[in-house]
Amino acid sequence: MQRRINLCDKPYLVTRIGPPRTQQLKVDDGQFQPVRLTSMKNGQAMIQLGGSRVHVQMAVKGETVYIRAFNQTFALDILNPVEQAARGNFEGNTCRAPMPGTVVTVDVEAGTRVMEGQSMMTIESMKILTNICAPREGEVARVHFEPGSTFGKNAALITLTKKETV
Amino acid sequence: MPDITQVLIANRGEIACRILRTLNRMDIPGVVVYHFADADSPAVKMAATAVQIHGPTPVAAYLDVENMIAACKETGADAVHPGFGFLAENPKFAKRLAREGITFIGPHPGAMELLGNKVSARTFCMDNGFPLITSVTEAEAKENFIESARKIGLPILIKAAAGGGGKGMQIVRDHRSLDQAVLLAKNEAQRSFGDDEVYAERLLEEPRHIEVQIMGDLHGNVVHLGERECSIQRRFQKIIEESPAPMLTRELREKICTTAVEIARRANYHNAGTVEFILAPDNEFYFLEMNTRLQVEHPVTEMVTGLDLVELQIRIARGETLPLVQDQIKTTGHAIELRLYAEDPANDFLPSTGALLAYSLPTGKGIRIENGFARGMQVTSAFDPMLAKLIVHEKNRNQAIALALQALNDTLVLGVTTNIDFLARILAHQAFRAGRIHTGFIPTHTKELAPLPLNQEQRDLLLAAAALGSREFSDPVLTEPYTSLGDWRN
């Protein structure tokens, strides 16, 4: 079984093989190593990979695994191949909400030509205003919300037309 | 002065819980108001009476004066504690309550108007000879601007009167360059703002934010409860506060605290208030502003003085004389407060949202928690992203830092990005430990405060844990360990 896992904004390809008791795992093009996750008291767990091991605290929600280890807290996103493909298609065409909030102003409409970095929309999340800027030069295909509308995390805000191919 | 028999808390979250605790101890029934978004919050569970309020947004519901008046009438509450934020510094609210015969647990509206407004507070301090940062405008100086600016003393900051954002600013460290700097600033101001008026101000480099807790009664008595050091800030908001302030001489501390008391006395101030000062490296201090309410960071003062500030506020509001004179107020040990925020230090401290999948706060001797959340609750964009406050009290500053680090290590919040690890890195920083702190501490030390990069072994362990921990990735036979992981202790 293979999955892409995002850690600190970088994707890694993680492959697991073998029956549960003797399973092995490799990261990208590394070596397969025996792997085991053991849950412990008080919500802790221990992960062993090859000769290394560490105690972690973790929780899972949907495709995100939250882990505390090495005096840091991480959120790792697990992408299955289908979703990955879906994300890939929209990449660069749709600006998504970084967090839930409210639309304050909309500066463009369908058909507006935008330059890279041009502000297209202002949103407010937790009292902080953020400009949604065009990730590239292009034409606005669709504005998904009107001023005053609220949206959730990752909601599509503005879609640009597909990149013109030369 | 009417007695207080029931108190409505016009607030939410951790401060509502904190006020309820004191009310319970004083045997005064407490009433909380809540918006639907807070229906499952600890404050609502804790209060004997809870009244639902409505508004176009959750925040608007708590800002609505009529909501509070209606809830008082419905429940028979004869006093209101505003907490901080929302209506706490709104003189109109205090006046409206007075008209309804409801006691506002806070200062007189006149004092709120005088000291709560930056401009009028500055004028008040200037008229009464309290220390303000020396500045001179071209209009004030008329023909002699350069000469007047020279008198301010070095270094001098020349700023565009119309400006902001650092445009048109010139720093003068040598009197000989003053004329040239004024010329440059005026040119830049004209280009940027279409107005070449500039003003000169004494530049404070690496200043500290020191504030003094004061408490006044209705009989003219005013005392201070010591100072707090609040220089560790991001986005102009404090995240670590301590009392006493490190590296202050006894004389300077006394002078700052006495000045705060004098300001409050001159303004006829009563109830709790905080006078904020900017302290320059040369030990000169200047009035910044006054907060006419209880502060977020009041627990550090409570820890070192052993006093309950909310109790004092209520007793003052019902007309009692301050139970202590200045000489009876003693401080012991050192207290530090850490504000735990749902925010991302790696991304300009932007607020983050999500479900609290794991939420476990530390307990133990010398540790105090002020908290308004519970596991399973959502952190939404509706309110301020502060999750909880962790306060420690120890014999001295070093021990307090050690206890704070241990307490942070025993804190677990998963499901939403927080500043917990970042706070630990500040506490562990050499300059913080040495007390070399100023309001620019975080931007100055950005690099050292960043997390250590992961090595390959650590990275692979995390990826393996995520892979085996995710339901997505694992076979049914492998899910057994994770079902237990889903349920965390509280």
# chains A, B, ... in the order shown; residues from 1 in each chain; ligands from 1
>>> closest_atom_pairs(of="chain A", to="chain B", cutoff="7 Å", atoms="only C-alpha atoms", output="tab-separated table")
residue	atom	partner	partner_atom	distance
A:Pro20	CA	B:Leu478	CA	6.8
A:Val27	CA	B:Asp460	CA	6.7
A:Leu37	CA	B:Leu468	CA	6.7
A:Thr38	CA	B:Pro481	CA	6.4
A:Ser39	CA	B:Pro481	CA	5.3
A:Asn42	CA	B:Arg489	CA	6.5
A:Gly43	CA	B:Leu485	CA	5.4
A:Ile47	CA	B:Ala465	CA	5.8
A:Leu49	CA	B:Leu461	CA	6.4
A:Ala59	CA	B:Gly486	CA	6.3
A:Val60	CA	B:Ser470	CA	6.4
A:Glu63	CA	B:Glu472	CA	7.0
A:Val65	CA	B:Ala466	CA	5.7
A:Tyr66	CA	B:Leu414	CA	5.9
A:Asn71	CA	B:Asp421	CA	6.6
A:Gln72	CA	B:Asp421	CA	5.9
A:Leu76	CA	B:Ala466	CA	6.7
A:Met99	CA	B:Thr353	CA	6.9
A:Pro100	CA	B:Ser381	CA	6.4
A:Gly101	CA	B:Ser381	CA	6.4
A:Ser125	CA	B:Ser381	CA	5.7
A:Met126	CA	B:Ser381	CA	4.6
>>> select_by_dssp(residues="region 174-361 of chain B", states="alpha helix (DSSP H)", output="ChimeraX atom specification")
/B:178-193,250-266,298-305,309-317
>>> residues_around(residues="Lys26 (chain A)", least_positions_apart="4", cutoff="7 Å", atoms="only C-alpha atoms", output="PyMOL selection string")
chain A and resi 14-16+30-33
>>> write_last_selection(atoms="N, CA and C atoms", output="mmCIF file, in the first residue's frame")
data_model
loop_
_atom_site.group_PDB
_atom_site.id
_atom_site.type_symbol
_atom_site.label_atom_id
_atom_site.label_comp_id
_atom_site.auth_asym_id
_atom_site.auth_seq_id
_atom_site.Cartn_x
_atom_site.Cartn_y
_atom_site.Cartn_z
ATOM 1 N N VAL A 14 5.193 7.024 0.972
ATOM 2 C CA VAL A 14 5.412 6.016 2.001
ATOM 3 C C VAL A 14 4.803 4.701 1.528
ATOM 4 N N THR A 15 5.605 3.633 1.558
ATOM 5 C CA THR A 15 5.143 2.327 1.072
ATOM 6 C C THR A 15 5.208 1.303 2.205
ATOM 7 N N ARG A 16 4.106 0.562 2.376
ATOM 8 C CA ARG A 16 4.078 -0.474 3.415
ATOM 9 C C ARG A 16 3.807 -1.812 2.738
ATOM 10 N N GLY A 30 13.972 4.921 -0.010
ATOM 11 C CA GLY A 30 14.811 4.326 1.036
ATOM 12 C C GLY A 30 14.639 2.814 1.128
ATOM 13 N N GLN A 31 15.284 2.245 2.144
ATOM 14 C CA GLN A 31 15.226 0.799 2.373
ATOM 15 C C GLN A 31 13.951 0.431 3.134
ATOM 16 N N PHE A 32 13.389 -0.750 2.842
ATOM 17 C CA PHE A 32 12.295 -1.260 3.673
ATOM 18 C C PHE A 32 12.836 -1.613 5.048
ATOM 19 N N GLN A 33 12.085 -1.234 6.092
ATOM 20 C CA GLN A 33 12.503 -1.568 7.457
ATOM 21 C C GLN A 33 11.292 -2.056 8.226
#
>>> residues_around(residues="Gln233 (chain B)", least_positions_apart="2", cutoff="8 Å", atoms="only C-alpha atoms", output="ChimeraX atom specification")
/B:230-231,235-240,439-442
>>> closest_residue(among="B:Ile102, B:Ile15, B:Ile437, B:Ala342", to="Leu294 (chain B)", atoms="only C-alpha atoms")
B:Ile15
>>> select_by_dssp(residues="region 227-388 of chain B", states="strand (DSSP E)", output="JSON, numbers by chain")
{"B": [227, 228, 229, 230, 231, 232, 233, 234, 237, 238, 239, 240, 241, 242, 243, 271, 272, 273, 274, 275, 276, 277, 278, 279, 285, 286, 287, 288, 289, 290, 291, 334, 335, 336, 337, 338, 339, 340, 341, 343, 344, 350, 351, 354, 355, 358, 359, 360, 367, 368, 369, 370, 371, 378, 379, 386, 387, 388]}
>>> write_last_selection(atoms="C-alpha atoms", output="short mmCIF file (atom, residue, chain, number, x, y, z; two decimals), in the first residue's frame")
data_model
loop_
_atom_site.label_atom_id
_atom_site.label_comp_id
_atom_site.auth_asym_id
_atom_site.auth_seq_id
_atom_site.Cartn_x
_atom_site.Cartn_y
_atom_site.Cartn_z
CA GLU B 227 4.19 45.69 38.49
CA ARG B 228 4.08 43.23 35.62
CA GLU B 229 6.60 42.77 32.84
CA CYS B 230 4.77 42.24 29.52
CA SER B 231 7.42 42.78 26.86
CA ILE B 232 7.14 39.43 25.11
CA GLN B 233 4.66 40.31 22.40
CA ARG B 234 3.70 39.36 18.90
CA GLN B 237 -0.24 41.48 21.83
CA LYS B 238 1.33 40.03 24.96
CA ILE B 239 1.97 36.29 25.17
CA ILE B 240 4.18 36.02 28.28
CA GLU B 241 3.76 38.17 31.39
CA GLU B 242 5.54 38.02 34.70
CA SER B 243 5.62 39.61 38.11
CA ASN B 271 -11.89 49.79 41.08
CA ALA B 272 -9.22 47.81 39.18
CA GLY B 273 -7.05 49.47 36.58
CA THR B 274 -3.68 49.06 34.93
CA VAL B 275 -1.29 51.87 34.10
CA GLU B 276 1.00 50.88 31.26
CA PHE B 277 4.47 52.34 30.86
CA ILE B 278 7.29 52.10 28.37
CA LEU B 279 10.65 51.66 30.08
CA PHE B 285 9.84 55.49 31.88
CA TYR B 286 6.89 57.02 30.08
CA PHE B 287 3.11 56.74 30.32
CA LEU B 288 1.70 54.62 27.48
CA GLU B 289 -1.98 54.11 28.29
CA MET B 290 -4.34 53.03 31.02
CA ASN B 291 -6.64 50.03 30.87
CA HIS B 334 7.87 35.00 41.02
CA ALA B 335 4.91 34.30 38.73
CA ILE B 336 4.85 33.80 34.95
CA GLU B 337 1.79 33.59 32.72
CA LEU B 338 1.85 31.92 29.32
CA ARG B 339 -1.00 32.53 26.93
CA LEU B 340 -1.78 29.41 24.94
CA TYR B 341 -3.10 30.45 21.55
CA GLU B 343 -2.15 30.14 16.13
CA ASP B 344 0.79 29.30 13.90
CA LEU B 350 -2.07 33.57 12.10
CA PRO B 351 -4.97 32.11 14.06
CA GLY B 354 -9.98 22.94 14.27
CA ALA B 355 -11.33 20.40 16.71
CA ALA B 358 -6.56 15.97 22.50
CA TYR B 359 -6.68 18.65 25.17
CA SER B 360 -4.82 18.01 28.35
CA ILE B 367 0.54 25.66 38.57
CA ARG B 368 -2.68 27.54 37.89
CA ILE B 369 -4.79 27.13 34.76
CA GLU B 370 -7.41 29.53 33.42
CA ASN B 371 -9.25 27.69 30.71
CA GLN B 378 -14.15 23.34 18.12
CA VAL B 379 -11.80 26.29 17.94
CA MET B 386 -6.72 32.19 23.08
CA LEU B 387 -7.26 28.66 24.43
CA ALA B 388 -6.07 28.97 28.01
#
>>> closest_atom_pairs(of="region 339-409 of chain B", to="region 36-41 of chain B", cutoff="8 Å", atoms="only C-alpha atoms", output="Markdown table")
| residue | atom | partner | partner_atom | distance |
| --- | --- | --- | --- | --- |
| B:Gly372 | CA | B:Ser41 | CA | 6.8 |
| B:Phe373 | CA | B:Ser41 | CA | 6.5 |
| B:Ala374 | CA | B:Ser41 | CA | 7.6 |
| B:Met377 | CA | B:Asp40 | CA | 8.0 |
>>> write_last_selection(atoms="C-alpha atoms", output="short mmCIF file (atom, residue, chain, number, x, y, z; two decimals), in the first residue's frame")
data_model
loop_
_atom_site.label_atom_id
_atom_site.label_comp_id
_atom_site.auth_asym_id
_atom_site.auth_seq_id
_atom_site.Cartn_x
_atom_site.Cartn_y
_atom_site.Cartn_z
CA GLY B 372 -12.44 27.97 28.69
CA PHE B 373 -12.13 24.91 26.46
CA ALA B 374 -12.54 21.16 26.70
CA MET B 377 -14.74 21.47 21.34
#
>>> atom_distance(atom1="CA of Asp3 (chain B)", atom2="CA of Gly116 (chain B)")
27.4 Å
>>> residues_around(residues="region 133-147 of chain A", least_positions_apart="3", cutoff="8 Å", atoms="only C-alpha atoms", output="PyMOL selection string")
chain A and resi 92+95+102-106+108-121+156-161+163
>>> atom_distance(atom1="CA of Met46 (chain B)", atom2="CA of Gly376 (chain B)")
17.5 Å
>>> atom_distance(atom1="CA of Arg318 (chain B)", atom2="CA of Phe124 (chain B)")
28.3 Å
>>> residues_around(residues="Ala189 (chain B)", least_positions_apart="4", cutoff="8 Å", atoms="only C-alpha atoms", output="MDAnalysis selection string")
chainID B and resid 160 162:163 167:168 185 193:198
>>> write_last_selection(atoms="N, CA and C atoms", output="CSV table (one decimal), in the first residue's frame")
chain,number,residue,atom,x,y,z
B,160,ALA,N,6.8,61.2,9.7
B,160,ALA,CA,5.8,62.0,8.9
B,160,ALA,C,4.5,62.1,9.8
B,162,ALA,N,1.5,62.6,8.8
B,162,ALA,CA,0.4,62.0,8.2
B,162,ALA,C,0.6,60.5,8.0
B,163,GLY,N,1.8,60.0,8.4
B,163,GLY,CA,2.2,58.7,7.9
B,163,GLY,C,2.0,57.5,8.8
B,167,LYS,N,7.2,54.8,6.7
B,167,LYS,CA,7.6,55.7,5.6
B,167,LYS,C,7.9,57.1,6.1
B,168,GLY,N,8.9,57.7,5.6
B,168,GLY,CA,9.2,59.1,6.0
B,168,GLY,C,9.9,59.1,7.4
B,185,ALA,N,13.3,63.4,5.6
B,185,ALA,CA,12.0,63.0,6.1
B,185,ALA,C,10.8,63.8,5.5
B,193,PHE,N,2.8,60.8,1.3
B,193,PHE,CA,1.5,61.2,1.8
B,193,PHE,C,1.0,62.5,1.3
B,194,GLY,N,1.8,63.1,0.4
B,194,GLY,CA,1.4,64.4,-0.1
B,194,GLY,C,1.3,65.5,0.9
B,195,ASP,N,2.0,65.3,2.0
B,195,ASP,CA,2.0,66.3,3.1
B,195,ASP,C,3.4,66.2,3.7
B,196,ASP,N,4.1,67.3,3.8
B,196,ASP,CA,5.5,67.2,4.3
B,196,ASP,C,5.6,67.5,5.8
B,197,GLU,N,4.5,67.6,6.5
B,197,GLU,CA,4.7,67.9,7.9
B,197,GLU,C,5.3,66.7,8.6
B,198,VAL,N,6.3,67.0,9.5
B,198,VAL,CA,6.9,65.9,10.2
B,198,VAL,C,6.9,66.3,11.7
